[in-house]
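The file target-v3.cif comes next; it holds mmCIF, N, CA and C atoms.
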```
data_run
loop_
_atom_site.group_PDB
_atom_site.id
_atom_site.type_symbol
_atom_site.label_atom_id
_atom_site.label_comp_id
_atom_site.auth_asym_id
_atom_site.auth_seq_id
_atom_site.Cartn_x
_atom_site.Cartn_y
_atom_site.Cartn_z
ATOM 1 N N MET A 110 0.847 -1.167 0.000
ATOM 2 C CA MET A 110 0.000 0.000 0.000
ATOM 3 C C MET A 110 0.887 1.222 0.000
ATOM 4 N N ASN A 111 0.649 2.052 -0.950
ATOM 5 C CA ASN A 111 1.469 3.248 -0.978
ATOM 6 C C ASN A 111 0.654 4.527 -1.074
ATOM 7 N N CYS A 112 -0.660 4.416 -0.884
ATOM 8 C CA CYS A 112 -1.469 5.638 -0.889
ATOM 9 C C CYS A 112 -2.734 5.423 -0.049
ATOM 10 N N GLY A 113 -3.364 6.523 0.295
ATOM 11 C CA GLY A 113 -4.581 6.465 1.093
ATOM 12 C C GLY A 113 -5.735 5.794 0.370
ATOM 13 N N GLY A 114 -5.727 5.863 -0.968
ATOM 14 C CA GLY A 114 -6.795 5.220 -1.729
ATOM 15 C C GLY A 114 -6.772 3.711 -1.559
ATOM 16 N N CYS A 115 -5.581 3.148 -1.576
ATOM 17 C CA CYS A 115 -5.435 1.706 -1.418
ATOM 18 C C CYS A 115 -5.830 1.281 -0.007
ATOM 19 N N SER A 116 -5.314 1.994 0.993
ATOM 20 C CA SER A 116 -5.649 1.625 2.370
ATOM 21 C C SER A 116 -7.131 1.820 2.636
ATOM 22 N N GLY A 117 -7.735 2.826 2.015
ATOM 23 C CA GLY A 117 -9.170 3.049 2.168
ATOM 24 C C GLY A 117 -9.985 1.925 1.552
ATOM 25 N N ALA A 118 -9.563 1.461 0.375
ATOM 26 C CA ALA A 118 -10.267 0.363 -0.292
ATOM 27 C C ALA A 118 -10.193 -0.908 0.541
ATOM 28 N N VAL A 119 -9.012 -1.186 1.107
ATOM 29 C CA VAL A 119 -8.852 -2.368 1.942
ATOM 30 C C VAL A 119 -9.700 -2.236 3.206
ATOM 31 N N SER A 120 -9.708 -1.065 3.807
ATOM 32 C CA SER A 120 -10.513 -0.841 5.018
ATOM 33 C C SER A 120 -11.997 -1.046 4.746
ATOM 34 N N ARG A 121 -12.470 -0.532 3.624
ATOM 35 C CA ARG A 121 -13.896 -0.705 3.281
ATOM 36 C C ARG A 121 -14.233 -2.182 3.082
ATOM 37 N N ALA A 122 -13.329 -2.912 2.425
ATOM 38 C CA ALA A 122 -13.557 -4.350 2.206
ATOM 39 C C ALA A 122 -13.607 -5.085 3.537
ATOM 40 N N LEU A 123 -12.695 -4.747 4.451
ATOM 41 C CA LEU A 123 -12.657 -5.426 5.743
ATOM 42 C C LEU A 123 -13.823 -5.017 6.638
ATOM 43 N N ASP A 124 -14.287 -3.772 6.509
ATOM 44 C CA ASP A 124 -15.468 -3.342 7.272
ATOM 45 C C ASP A 124 -16.671 -4.225 6.944
ATOM 46 N N LYS A 125 -16.786 -4.614 5.687
ATOM 47 C CA LYS A 125 -17.900 -5.459 5.254
ATOM 48 C C LYS A 125 -17.806 -6.871 5.840
ATOM 49 N N LEU A 126 -16.626 -7.256 6.315
ATOM 50 C CA LEU A 126 -16.433 -8.602 6.853
ATOM 51 C C LEU A 126 -16.648 -8.674 8.362
ATOM 52 N N LYS A 127 -16.859 -7.533 8.980
ATOM 53 C CA LYS A 127 -17.127 -7.554 10.422
ATOM 54 C C LYS A 127 -18.438 -8.297 10.639
ATOM 55 N N GLY A 128 -18.428 -9.229 11.560
ATOM 56 C CA GLY A 128 -19.579 -10.092 11.775
ATOM 57 C C GLY A 128 -19.515 -11.362 10.933
ATOM 58 N N GLN A 129 -18.515 -11.441 10.066
ATOM 59 C CA GLN A 129 -18.308 -12.633 9.236
ATOM 60 C C GLN A 129 -16.960 -13.263 9.560
ATOM 61 N N GLY A 130 -16.527 -13.099 10.791
ATOM 62 C CA GLY A 130 -15.265 -13.685 11.213
ATOM 63 C C GLY A 130 -14.146 -12.678 11.403
ATOM 64 N N VAL A 131 -14.353 -11.435 10.992
ATOM 65 C CA VAL A 131 -13.357 -10.389 11.223
ATOM 66 C C VAL A 131 -13.832 -9.555 12.404
ATOM 67 N N ASP A 132 -13.045 -9.607 13.485
ATOM 68 C CA ASP A 132 -13.387 -8.827 14.681
ATOM 69 C C ASP A 132 -12.830 -7.416 14.595
ATOM 70 N N SER A 133 -11.592 -7.297 14.158
ATOM 71 C CA SER A 133 -10.941 -6.001 14.027
ATOM 72 C C SER A 133 -9.774 -6.137 13.059
ATOM 73 N N TYR A 134 -9.221 -5.000 12.671
ATOM 74 C CA TYR A 134 -8.076 -5.004 11.771
ATOM 75 C C TYR A 134 -7.311 -3.699 11.929
ATOM 76 N N GLU A 135 -6.058 -3.720 11.518
ATOM 77 C CA GLU A 135 -5.245 -2.522 11.450
ATOM 78 C C GLU A 135 -4.640 -2.450 10.057
ATOM 79 N N VAL A 136 -4.709 -1.287 9.468
ATOM 80 C CA VAL A 136 -4.090 -1.049 8.175
ATOM 81 C C VAL A 136 -2.962 -0.046 8.410
ATOM 82 N N SER A 137 -1.744 -0.444 8.083
ATOM 83 C CA SER A 137 -0.588 0.430 8.258
ATOM 84 C C SER A 137 -0.047 0.823 6.898
ATOM 85 N N LEU A 138 -0.279 2.070 6.536
ATOM 86 C CA LEU A 138 0.249 2.584 5.277
ATOM 87 C C LEU A 138 1.774 2.658 5.361
ATOM 88 N N GLU A 139 2.286 3.064 6.509
ATOM 89 C CA GLU A 139 3.733 3.179 6.697
ATOM 90 C C GLU A 139 4.437 1.833 6.561
ATOM 91 N N GLU A 140 3.874 0.793 7.187
ATOM 92 C CA GLU A 140 4.477 -0.544 7.139
ATOM 93 C C GLU A 140 4.029 -1.338 5.915
ATOM 94 N N GLN A 141 3.032 -0.814 5.205
ATOM 95 C CA GLN A 141 2.448 -1.465 4.038
ATOM 96 C C GLN A 141 1.951 -2.863 4.365
ATOM 97 N N GLU A 142 1.175 -2.946 5.448
ATOM 98 C CA GLU A 142 0.631 -4.240 5.835
ATOM 99 C C GLU A 142 -0.730 -4.088 6.485
ATOM 100 N N VAL A 143 -1.438 -5.200 6.492
ATOM 101 C CA VAL A 143 -2.762 -5.277 7.098
ATOM 102 C C VAL A 143 -2.737 -6.425 8.095
ATOM 103 N N THR A 144 -3.224 -6.170 9.299
ATOM 104 C CA THR A 144 -3.345 -7.209 10.312
ATOM 105 C C THR A 144 -4.823 -7.388 10.615
ATOM 106 N N VAL A 145 -5.307 -8.616 10.493
ATOM 107 C CA VAL A 145 -6.717 -8.914 10.707
ATOM 108 C C VAL A 145 -6.840 -9.836 11.920
ATOM 109 N N HIS A 146 -7.759 -9.484 12.819
ATOM 110 C CA HIS A 146 -8.020 -10.293 14.008
ATOM 111 C C HIS A 146 -9.413 -10.899 13.898
ATOM 112 N N GLY A 147 -9.515 -12.182 14.193
ATOM 113 C CA GLY A 147 -10.813 -12.841 14.167
ATOM 114 C C GLY A 147 -10.668 -14.296 13.769
ATOM 115 N N THR A 148 -11.787 -14.876 13.405
ATOM 116 C CA THR A 148 -11.811 -16.302 13.075
ATOM 117 C C THR A 148 -11.980 -16.569 11.581
ATOM 118 N N ALA A 149 -12.032 -15.516 10.780
ATOM 119 C CA ALA A 149 -12.202 -15.691 9.332
ATOM 120 C C ALA A 149 -10.997 -16.427 8.750
ATOM 121 N N GLU A 150 -11.265 -17.291 7.796
ATOM 122 C CA GLU A 150 -10.198 -18.022 7.123
ATOM 123 C C GLU A 150 -9.346 -17.050 6.304
ATOM 124 N N TYR A 151 -8.059 -17.315 6.270
ATOM 125 C CA TYR A 151 -7.105 -16.481 5.535
ATOM 126 C C TYR A 151 -7.524 -16.307 4.073
ATOM 127 N N ASP A 152 -7.863 -17.409 3.393
ATOM 128 C CA ASP A 152 -8.224 -17.341 1.979
ATOM 129 C C ASP A 152 -9.487 -16.522 1.743
ATOM 130 N N PHE A 153 -10.432 -16.566 2.676
ATOM 131 C CA PHE A 153 -11.661 -15.785 2.581
ATOM 132 C C PHE A 153 -11.331 -14.296 2.618
ATOM 133 N N VAL A 154 -10.506 -13.897 3.571
ATOM 134 C CA VAL A 154 -10.116 -12.487 3.707
ATOM 135 C C VAL A 154 -9.310 -12.053 2.488
ATOM 136 N N LEU A 155 -8.389 -12.886 2.045
ATOM 137 C CA LEU A 155 -7.567 -12.572 0.884
ATOM 138 C C LEU A 155 -8.427 -12.332 -0.351
ATOM 139 N N GLU A 156 -9.405 -13.175 -0.598
ATOM 140 C CA GLU A 156 -10.285 -13.013 -1.758
ATOM 141 C C GLU A 156 -11.030 -11.682 -1.710
ATOM 142 N N LYS A 157 -11.518 -11.313 -0.539
ATOM 143 C CA LYS A 157 -12.255 -10.057 -0.410
ATOM 144 C C LYS A 157 -11.348 -8.861 -0.664
ATOM 145 N N ILE A 158 -10.107 -8.933 -0.204
ATOM 146 C CA ILE A 158 -9.178 -7.837 -0.450
ATOM 147 C C ILE A 158 -8.831 -7.768 -1.936
ATOM 148 N N LYS A 159 -8.658 -8.906 -2.580
ATOM 149 C CA LYS A 159 -8.355 -8.928 -4.010
ATOM 150 C C LYS A 159 -9.473 -8.298 -4.822
ATOM 151 N N LYS A 160 -10.705 -8.428 -4.360
ATOM 152 C CA LYS A 160 -11.853 -7.890 -5.090
ATOM 153 C C LYS A 160 -11.883 -6.361 -5.089
ATOM 154 N N THR A 161 -10.999 -5.712 -4.331
ATOM 155 C CA THR A 161 -10.926 -4.254 -4.358
ATOM 156 C C THR A 161 -10.354 -3.762 -5.679
ATOM 157 N N GLY A 162 -9.753 -4.679 -6.446
ATOM 158 C CA GLY A 162 -9.159 -4.299 -7.716
ATOM 159 C C GLY A 162 -7.719 -3.848 -7.580
ATOM 160 N N LYS A 163 -7.212 -3.845 -6.367
ATOM 161 C CA LYS A 163 -5.817 -3.481 -6.138
ATOM 162 C C LYS A 163 -4.939 -4.701 -6.341
ATOM 163 N N GLU A 164 -3.715 -4.471 -6.789
ATOM 164 C CA GLU A 164 -2.769 -5.569 -6.932
ATOM 165 C C GLU A 164 -2.362 -6.032 -5.539
ATOM 166 N N VAL A 165 -2.418 -7.332 -5.315
ATOM 167 C CA VAL A 165 -2.120 -7.890 -4.004
ATOM 168 C C VAL A 165 -0.977 -8.880 -4.125
ATOM 169 N N SER A 166 0.052 -8.681 -3.314
ATOM 170 C CA SER A 166 1.114 -9.678 -3.253
ATOM 171 C C SER A 166 1.034 -10.351 -1.900
ATOM 172 N N VAL A 167 1.253 -11.652 -1.911
ATOM 173 C CA VAL A 167 1.028 -12.446 -0.716
ATOM 174 C C VAL A 167 2.335 -13.081 -0.282
ATOM 175 N N GLY A 168 2.654 -12.902 0.983
ATOM 176 C CA GLY A 168 3.813 -13.560 1.564
ATOM 177 C C GLY A 168 3.328 -14.636 2.506
ATOM 178 N N HIS A 169 4.065 -14.892 3.526
ATOM 179 C CA HIS A 169 3.689 -15.873 4.537
ATOM 180 C C HIS A 169 2.528 -15.318 5.352
ATOM 181 N N HIS A 170 1.322 -15.567 4.873
ATOM 182 C CA HIS A 170 0.110 -15.042 5.488
ATOM 183 C C HIS A 170 0.182 -13.544 5.704
ATOM 184 N N GLN A 171 0.835 -12.864 4.772
ATOM 185 C CA GLN A 171 0.864 -11.410 4.762
ATOM 186 C C GLN A 171 0.356 -10.961 3.408
ATOM 187 N N ILE A 172 -0.394 -9.896 3.406
ATOM 188 C CA ILE A 172 -0.961 -9.388 2.173
ATOM 189 C C ILE A 172 -0.453 -7.968 1.982
ATOM 190 N N GLU A 173 0.127 -7.702 0.825
ATOM 191 C CA GLU A 173 0.579 -6.364 0.507
ATOM 192 C C GLU A 173 -0.227 -5.864 -0.672
ATOM 193 N N CYS A 174 -0.819 -4.707 -0.542
ATOM 194 C CA CYS A 174 -1.628 -4.135 -1.599
ATOM 195 C C CYS A 174 -0.806 -3.065 -2.303
ATOM 196 N N VAL A 175 -0.605 -3.233 -3.592
ATOM 197 C CA VAL A 175 0.174 -2.298 -4.364
ATOM 198 C C VAL A 175 -0.775 -1.574 -5.296
ATOM 199 N N GLY A 176 -0.844 -0.266 -5.222
ATOM 200 C CA GLY A 176 -1.784 0.412 -6.094
ATOM 201 C C GLY A 176 -1.406 1.744 -6.360
#
```

With the file now loaded, output its structure as structure tokens.
Amino acid sequence: MNCGGCSGAVSRALDKLKGQGVDSYEVSLEEQEVTVHGTAEYDFVLEKIKKTGKEVSVGHHQIECVG
């Protein structure tokens, strides 16, 4: 994530997942990472973030949004 538009898109996507296994999350533009807390499956959260249309690179259960 390198701009507020990308972090905003990810935040909106994760807001929609609250009550679906996402309890809370932190989006760090400075660290370019997203931390999600809850019981949602990793692949479920990843798919929803990918649907923002932002380029997503995936590491060891880390998601980086490049946009």

*Can you pull out every residue within 6 Å of Val145 (chain A), counting all atoms listed in the file, but drop anything in the same chain fewer than 3 positions away, and send it as number ranges by chain?*
A: 133-135

*Gap from atom N of Val165 (chain A) to CA of Gln141 (chain A) - Å, one decimal*: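 Interatomic distance here is 12.1 Å.
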
*Step by step, work through what the PyMOL selection byres ((chain A and resi 129-131) around 5) selects in the shown file, and finish by giving those residues as a PyMOL selection string.*
chain A and resi 126-128+132-133+146-149

*Between A:Tyr151, A:Leu138, A:Lys157, A:Val143, which is the closest to Leu123 (chain A) once you count all atoms listed in the file?*
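Among A:Tyr151, A:Leu138, A:Lys157, A:Val143, it is A:Lys157 that comes nearest to Leu123 (chain A).
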
*Hey, can you check how far atom C of Gly162 (chain A) sits from atom N of Cys115 (chain A)?*
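If I compute the distance from atom C of Gly162 (chain A) to atom N of Cys115 (chain A), I get 9.5 Å.
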
*Determine which residues of chain A DSSP labels as strand (DSSP E or B) from the backbone of this structure, then write them out as a list in words.*
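So, restricting chain A to strand (DSSP E or B), we get Lys127, Val131, Asp132, Ser133, Tyr134, Glu135, Val136, Ser137, Glu142, Val143, Thr144, Val145, His146, Gly147, Glu164, Val165, Ser166, Val167, Ile172, Glu173, Cys174 and Val175 of chain A.
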
*asked:* Taking (-11.7, 2.2, 0.6) as a centre in this file's frame and 12 Å as the limit, can you find every polymer residue with an atom that close, using only C-alpha atoms, and give them as a list of chain:residue names?
replied: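 Here is the list of nearby residues: A:Met110, A:Cys112, A:Gly113, A:Gly114, A:Cys115, A:Ser116, A:Gly117, A:Ala118, A:Val119, A:Ser120, A:Arg121, A:Ala122, A:Leu123, A:Asp124, A:Lys125, A:Val136, A:Ile158, A:Lys160, A:Thr161, A:Gly162, A:Lys163.
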
*Could you write out, as a list in words, all the residues of region 116-149 of chain A that DSSP marks as alpha helix (DSSP H)?*
Ser116, Gly117, Ala118, Val119, Ser120, Arg121, Ala122, Leu123 and Asp124 of chain A

*How far is it from CA of Glu139 (chain A) to atom N of Glu156 (chain A), in Å with one decimal?*
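Atom-to-atom, CA of Glu139 (chain A) and atom N of Glu156 (chain A) are spaced 22.2 Å apart.
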